[in-house]
Amino acid sequence: MLYSRTVTGPPAPRRYLAFETEPCGLNNILMQLEIMVVLAWLTRRTLVLPPPKPIYGLGSAPRSLLDFLDLRALRERLDVVTAAEFSPLGDSHEAFHADMLARAHSPGWNAIEDVLVHPPDGLTVRLELISRLWGRRPVGISQAVDNCGVLYFPVTAEHRMFGVFEAFFLFADPENERRARALVRDAIRYRPEIWQLAERAVSQAPLAARSYSAMHVRRGDFQYNETRIGPHQILRHIACLIPEGETVYLATDETDPEFLRPFRERFQLVQFRDLASGVVADTPSEWIGIVETLICAAAPQRFVGTRLSTFSTRIATLRGHLSYGSGRHAGIDTALYYTQPPLWHARPEEQYPYAVPRRKHRDEHGETSTPWWQSIAREPVWGRAYEAVWADAGLQSMPEPHDA
């Protein structure tokens, strides 16, 4: 086990961390899972994966996280059980969570409004952390949290554990920041079958042997109306990023042919339905979004995302990890480009086109290298990726966290 120690006397009783999944899309749930994984690692608890339930945007059938994630990768780095392995009620979402509410300890944290300081005196040990609070409530691992047999995080309006793990944890030891980043990078992996589908997609026509760029245009029921700009505005803003005639993979929930026509006129546009017929036929509907995520993440040229979309955020983070790896994707452009200018200073009549990028890994608006504690006042911290998460997670293995 990851946290085995040399001890005398009987072994300590096994302790658990359980949670209820967010009532949102898969990428929001993965953000929540990242926090839970780091918490389980930090508190040396067994992580309990929640029972299956429907996931927003993926139909009415109950879905388990293991329908999408590689359990072996999780278990190589963390002690993990499923809800069914943990409890006889683990096959029922409602019964399981009712039982957890009745007998587990819930600290009442909110990952947007609270920040976990570790150890509790971390703000005095590492003074630069104070500026990262941004008015949020510092919380710590109290005796009640540490001693309970089951630590449980339900989803309520007041107590949601959704957000960016990097922003929720303030570590007095900077090395623990890197350990947490490496843990999230290595433990939360998509199932190998999904990666294989994406590899087939990029190795066959129409993407094979082409140095393509990728875009994600979020439309549909996206709640942030300010991001819903027209195709001509988008193309004007990114004119210097993607040359006319280039092959572009477009992931979008927009189905209106008139909206898509300007993109087809300017680029060699590829969408999921245009991929090799075997890939399209072999991809279950619930995996399409992940396959598109991986195709966009692997784009050899640039990726342009939609602001405030966690789908785009996931792609940008994966691009960072792929670029810093040693495989064939190493060195892809990790700069954060978006379909529209920064929301905090753009006016409707001015689209602020990107300038010609001078080099990879930086963008015209200077957002790529801005850490979350400097950008949190301008936009929600979960709405974009952060370079430090992939650039400073170079550990090859996952030792246990430094003791306080």
# chains A, B, ... in the order shown; residues from 1 in each chain; ligands from 1
call {"tool": "residues_around", "arguments": {"residues": "region 253-262 of chain A", "least_positions_apart": "4", "cutoff": "7 Å", "atoms": "only C-alpha atoms", "output": "JSON, numbers by chain"}}
result
{"A": [218, 219, 220, 231, 266]}
call {"tool": "residues_around", "arguments": {"residues": "Gln196 (chain A)", "least_positions_apart": "6", "cutoff": "12 Å", "atoms": "only C-alpha atoms", "output": "list in words"}}
result
Tyr190, Val202, Ser203, Val279, Asp282, Thr283, Trp287, Ile290, Val291, Leu294 and Ile295 of chain A
call {"tool": "atom_distance", "arguments": {"atom1": "CA of Ile288 (chain A)", "atom2": "CA of Arg181 (chain A)"}}
result
26.7 Å
call {"tool": "residues_around", "arguments": {"residues": "region 99-108 of chain A", "least_positions_apart": "2", "cutoff": "9 Å", "atoms": "only C-alpha atoms", "output": "number ranges by chain"}}
result
A: 18-19, 89, 94-97, 110, 144-145, 148-154, 158-160
call {"tool": "closest_residue", "arguments": {"among": "A:Arg14, A:Arg210, A:His361, A:Arg75", "to": "Thr247 (chain A)", "atoms": "only C-alpha atoms"}}
result
A:Arg210
call {"tool": "select_by_dssp", "arguments": {"residues": "region 93-331 of chain A", "states": "alpha helix (DSSP H)", "output": "ChimeraX atom specification"}}
result
/A:93-103,122-125,143-147,165-168,174-187,192-203,231-237,257-266,277-282,288-297,310-323
call {"tool": "residues_around", "arguments": {"residues": "Gly163 (chain A)", "least_positions_apart": "4", "cutoff": "8 Å", "atoms": "only C-alpha atoms", "output": "PyMOL selection string"}}
result
chain A and resi 28+31-32+35+111-112+167-168+381-382
call {"tool": "write_last_selection", "arguments": {"atoms": "N, CA and C atoms", "output": "JSON list (two decimals), in the first residue's frame"}}
result
[["chain", "number", "residue", "atom", "x", "y", "z"],
["A", 28, "ASN", "N", -17.00, 18.45, -14.63],
["A", 28, "ASN", "CA", -17.17, 19.02, -13.29],
["A", 28, "ASN", "C", -16.97, 17.93, -12.23],
["A", 31, "MET", "N", -13.35, 17.28, -11.68],
["A", 31, "MET", "CA", -12.74, 18.29, -10.80],
["A", 31, "MET", "C", -13.00, 17.96, -9.34],
["A", 32, "GLN", "N", -14.24, 17.57, -9.04],
["A", 32, "GLN", "CA", -14.58, 17.16, -7.68],
["A", 32, "GLN", "C", -13.75, 15.96, -7.26],
["A", 35, "ILE", "N", -10.22, 16.71, -6.05],
["A", 35, "ILE", "CA", -10.17, 17.16, -4.65],
["A", 35, "ILE", "C", -10.28, 15.97, -3.71],
["A", 111, "ALA", "N", -15.64, 23.95, -1.38],
["A", 111, "ALA", "CA", -14.36, 24.13, -2.05],
["A", 111, "ALA", "C", -14.25, 25.44, -2.83],
["A", 112, "ILE", "N", -15.35, 26.14, -3.01],
["A", 112, "ILE", "CA", -15.30, 27.46, -3.65],
["A", 112, "ILE", "C", -15.06, 28.55, -2.62],
["A", 167, "ALA", "N", -6.39, 25.17, -6.10],
["A", 167, "ALA", "CA", -6.79, 26.36, -5.36],
["A", 167, "ALA", "C", -7.36, 26.02, -3.99],
["A", 168, "PHE", "N", -7.87, 24.80, -3.80],
["A", 168, "PHE", "CA", -8.49, 24.45, -2.52],
["A", 168, "PHE", "C", -7.45, 24.13, -1.45],
["A", 381, "VAL", "N", -12.11, 30.57, -10.73],
["A", 381, "VAL", "CA", -10.85, 29.86, -10.78],
["A", 381, "VAL", "C", -10.98, 28.54, -11.53],
["A", 382, "TRP", "N", -12.19, 27.95, -11.55],
["A", 382, "TRP", "CA", -12.37, 26.67, -12.24],
["A", 382, "TRP", "C", -12.51, 26.85, -13.75]]
call {"tool": "residues_around", "arguments": {"residues": "His329 (chain A)", "least_positions_apart": "4", "cutoff": "12 Å", "atoms": "only C-alpha atoms", "output": "JSON, numbers by chain"}}
result
{"A": [199, 202, 211, 294, 295, 296, 297, 298, 299, 300, 301, 318, 319, 320, 321, 322, 323, 324, 325, 333, 334]}
call {"tool": "residues_around", "arguments": {"residues": "Arg63 (chain A)", "least_positions_apart": "6", "cutoff": "10 Å", "atoms": "only C-alpha atoms", "output": "NGL selection string"}}
result
:A and (51-55 or 286)
call {"tool": "write_last_selection", "arguments": {"atoms": "C-alpha atoms", "output": "CSV table (one decimal), in the first residue's frame"}}
result
chain,number,residue,atom,x,y,z
A,51,PRO,CA,-22.7,4.4,-6.5
A,52,PRO,CA,-23.7,4.8,-10.1
A,53,LYS,CA,-26.2,7.6,-11.0
A,54,PRO,CA,-27.2,9.5,-14.1
A,55,ILE,CA,-24.7,12.1,-15.3
A,286,GLU,CA,-21.2,8.2,-23.4
call {"tool": "closest_residue", "arguments": {"among": "A:Pro357, A:Pro62, A:Pro174, A:Pro88", "to": "Asp392 (chain A)", "atoms": "only C-alpha atoms"}}
result
A:Pro174
call {"tool": "select_by_dssp", "arguments": {"residues": "region 252-387 of chain A", "states": "strand (DSSP E)", "output": "list in words"}}
result
Thr252, Gln268, Leu269, Val270, Phe303, Val304, Gly305, Tyr337 and Tyr338 of chain A
call {"tool": "write_last_selection", "arguments": {"atoms": "N, CA and C atoms", "output": "mmCIF file, in the first residue's frame"}}
result
data_model
loop_
_atom_site.group_PDB
_atom_site.id
_atom_site.type_symbol
_atom_site.label_atom_id
_atom_site.label_comp_id
_atom_site.auth_asym_id
_atom_site.auth_seq_id
_atom_site.Cartn_x
_atom_site.Cartn_y
_atom_site.Cartn_z
ATOM 1 N N THR A 252 -18.027 20.572 -30.757
ATOM 2 C CA THR A 252 -19.061 21.555 -30.434
ATOM 3 C C THR A 252 -20.401 20.875 -30.256
ATOM 4 N N GLN A 268 -10.226 23.213 -43.287
ATOM 5 C CA GLN A 268 -10.565 21.826 -43.589
ATOM 6 C C GLN A 268 -11.148 21.251 -42.298
ATOM 7 N N LEU A 269 -12.454 21.406 -42.138
ATOM 8 C CA LEU A 269 -13.093 21.124 -40.854
ATOM 9 C C LEU A 269 -13.388 19.635 -40.695
ATOM 10 N N VAL A 270 -13.057 19.120 -39.508
ATOM 11 C CA VAL A 270 -13.331 17.721 -39.160
ATOM 12 C C VAL A 270 -14.123 17.706 -37.863
ATOM 13 N N PHE A 303 -4.751 24.740 -29.818
ATOM 14 C CA PHE A 303 -6.110 24.463 -29.366
ATOM 15 C C PHE A 303 -6.748 25.771 -28.916
ATOM 16 N N VAL A 304 -7.969 26.019 -29.379
ATOM 17 C CA VAL A 304 -8.724 27.214 -28.993
ATOM 18 C C VAL A 304 -9.976 26.746 -28.268
ATOM 19 N N GLY A 305 -10.139 27.164 -27.015
ATOM 20 C CA GLY A 305 -11.269 26.705 -26.210
ATOM 21 C C GLY A 305 -12.298 27.794 -25.956
ATOM 22 N N TYR A 337 -5.535 29.662 -25.517
ATOM 23 C CA TYR A 337 -6.228 30.493 -26.501
ATOM 24 C C TYR A 337 -7.724 30.251 -26.383
ATOM 25 N N TYR A 338 -8.513 31.311 -26.607
ATOM 26 C CA TYR A 338 -9.962 31.195 -26.452
ATOM 27 C C TYR A 338 -10.690 31.794 -27.652
#
call {"tool": "atom_distance", "arguments": {"atom1": "CA of Val356 (chain A)", "atom2": "CA of Pro243 (chain A)"}}
result
10.8 Å
call {"tool": "residues_around", "arguments": {"residues": "Leu241 (chain A)", "least_positions_apart": "2", "cutoff": "12 Å", "atoms": "only C-alpha atoms", "output": "mmCIF file with C-alpha atoms, in the first residue's frame"}}
result
data_model
loop_
_atom_site.group_PDB
_atom_site.id
_atom_site.type_symbol
_atom_site.label_atom_id
_atom_site.label_comp_id
_atom_site.auth_asym_id
_atom_site.auth_seq_id
_atom_site.Cartn_x
_atom_site.Cartn_y
_atom_site.Cartn_z
ATOM 1 C CA SER A 213 -5.361 22.348 -34.806
ATOM 2 C CA ALA A 214 -8.435 21.909 -32.616
ATOM 3 C CA MET A 215 -11.268 24.047 -31.298
ATOM 4 C CA ILE A 234 -14.672 33.969 -33.323
ATOM 5 C CA LEU A 235 -12.838 33.758 -36.647
ATOM 6 C CA ARG A 236 -11.781 37.398 -36.432
ATOM 7 C CA HIS A 237 -10.392 36.928 -32.959
ATOM 8 C CA ILE A 238 -8.346 33.831 -33.846
ATOM 9 C CA ALA A 239 -7.325 34.878 -37.377
ATOM 10 C CA PRO A 243 -4.120 29.771 -40.937
ATOM 11 C CA GLU A 244 -6.810 29.603 -43.568
ATOM 12 C CA GLU A 246 -5.603 24.331 -42.076
ATOM 13 C CA VAL A 248 -9.160 21.857 -37.713
ATOM 14 C CA GLN A 301 -0.768 22.703 -33.454
ATOM 15 C CA ARG A 302 -2.992 25.025 -31.416
ATOM 16 C CA PHE A 303 -6.110 24.463 -29.366
ATOM 17 C CA VAL A 304 -8.724 27.214 -28.993
ATOM 18 C CA ASP A 333 1.579 24.347 -27.802
ATOM 19 C CA ALA A 335 -0.768 28.406 -24.517
ATOM 20 C CA LEU A 336 -4.354 29.172 -23.477
ATOM 21 C CA TYR A 337 -6.228 30.493 -26.501
ATOM 22 C CA TYR A 338 -9.962 31.195 -26.452
ATOM 23 C CA THR A 339 -12.756 31.882 -28.938
ATOM 24 C CA PRO A 353 -7.890 39.849 -32.132
ATOM 25 C CA TYR A 354 -4.883 37.831 -31.067
ATOM 26 C CA ALA A 355 -1.551 39.098 -32.289
ATOM 27 C CA VAL A 356 0.697 36.706 -34.166
ATOM 28 C CA PRO A 357 2.123 34.476 -31.397
ATOM 29 C CA ARG A 358 5.855 34.933 -31.031
ATOM 30 C CA ARG A 359 6.429 31.493 -29.564
ATOM 31 C CA LYS A 360 4.654 28.491 -28.141
ATOM 32 C CA ASP A 363 -0.529 33.916 -25.554
ATOM 33 C CA GLU A 364 -1.227 37.503 -26.503
#
call {"tool": "closest_residue", "arguments": {"among": "A:Ala377, A:Arg179, A:Ala391, A:His345", "to": "His365 (chain A)", "atoms": "only C-alpha atoms"}}
result
A:His345
call {"tool": "decode", "arguments": {"residues": "region 54-68 of chain A", "atoms": "N, CA and C atoms", "output": "PDB file, in the first residue's frame"}}
result
ATOM      1  N   PRO A  54     -27.255   8.769 -12.852  1.00  0.00           N
ATOM      2  CA  PRO A  54     -27.203   9.460 -14.143  1.00  0.00           C
ATOM      3  C   PRO A  54     -26.290  10.680 -14.078  1.00  0.00           C
ATOM      4  N   ILE A  55     -25.571  10.922 -15.166  1.00  0.00           N
ATOM      5  CA  ILE A  55     -24.678  12.076 -15.279  1.00  0.00           C
ATOM      6  C   ILE A  55     -25.260  13.034 -16.305  1.00  0.00           C
ATOM      7  N   TYR A  56     -25.297  14.287 -15.940  1.00  0.00           N
ATOM      8  CA  TYR A  56     -25.869  15.318 -16.813  1.00  0.00           C
ATOM      9  C   TYR A  56     -25.242  15.257 -18.205  1.00  0.00           C
ATOM     10  N   GLY A  57     -26.093  15.235 -19.209  1.00  0.00           N
ATOM     11  CA  GLY A  57     -25.630  15.221 -20.583  1.00  0.00           C
ATOM     12  C   GLY A  57     -25.360  13.847 -21.145  1.00  0.00           C
ATOM     13  N   LEU A  58     -25.456  12.802 -20.316  1.00  0.00           N
ATOM     14  CA  LEU A  58     -25.157  11.443 -20.770  1.00  0.00           C
ATOM     15  C   LEU A  58     -26.357  10.519 -20.653  1.00  0.00           C
ATOM     16  N   GLY A  59     -27.563  11.071 -20.698  1.00  0.00           N
ATOM     17  CA  GLY A  59     -28.755  10.252 -20.677  1.00  0.00           C
ATOM     18  C   GLY A  59     -29.218   9.903 -19.275  1.00  0.00           C
ATOM     19  N   SER A  60     -30.225   9.064 -19.206  1.00  0.00           N
ATOM     20  CA  SER A  60     -30.856   8.737 -17.924  1.00  0.00           C
ATOM     21  C   SER A  60     -30.300   7.479 -17.270  1.00  0.00           C
ATOM     22  N   ALA A  61     -29.443   6.749 -17.955  1.00  0.00           N
ATOM     23  CA  ALA A  61     -28.896   5.517 -17.382  1.00  0.00           C
ATOM     24  C   ALA A  61     -27.892   5.848 -16.280  1.00  0.00           C
ATOM     25  N   PRO A  62     -27.918   5.112 -15.152  1.00  0.00           N
ATOM     26  CA  PRO A  62     -26.907   5.336 -14.105  1.00  0.00           C
ATOM     27  C   PRO A  62     -25.507   5.058 -14.635  1.00  0.00           C
ATOM     28  N   ARG A  63     -24.576   5.922 -14.281  1.00  0.00           N
ATOM     29  CA  ARG A  63     -23.186   5.779 -14.716  1.00  0.00           C
ATOM     30  C   ARG A  63     -22.261   5.755 -13.510  1.00  0.00           C
ATOM     31  N   SER A  64     -21.310   4.849 -13.547  1.00  0.00           N
ATOM     32  CA  SER A  64     -20.259   4.806 -12.538  1.00  0.00           C
ATOM     33  C   SER A  64     -19.044   5.566 -13.053  1.00  0.00           C
ATOM     34  N   LEU A  65     -18.251   6.120 -12.148  1.00  0.00           N
ATOM     35  CA  LEU A  65     -17.003   6.741 -12.569  1.00  0.00           C
ATOM     36  C   LEU A  65     -16.098   5.751 -13.287  1.00  0.00           C
ATOM     37  N   LEU A  66     -16.249   4.470 -12.940  1.00  0.00           N
ATOM     38  CA  LEU A  66     -15.418   3.449 -13.570  1.00  0.00           C
ATOM     39  C   LEU A  66     -15.868   3.127 -14.984  1.00  0.00           C
ATOM     40  N   ASP A  67     -17.006   3.673 -15.416  1.00  0.00           N
ATOM     41  CA  ASP A  67     -17.363   3.589 -16.832  1.00  0.00           C
ATOM     42  C   ASP A  67     -16.409   4.425 -17.678  1.00  0.00           C
ATOM     43  N   PHE A  68     -15.686   5.340 -17.028  1.00  0.00           N
ATOM     44  CA  PHE A  68     -14.833   6.281 -17.753  1.00  0.00           C
ATOM     45  C   PHE A  68     -13.375   6.242 -17.313  1.00  0.00           C
TER      46      PHE A  68
END
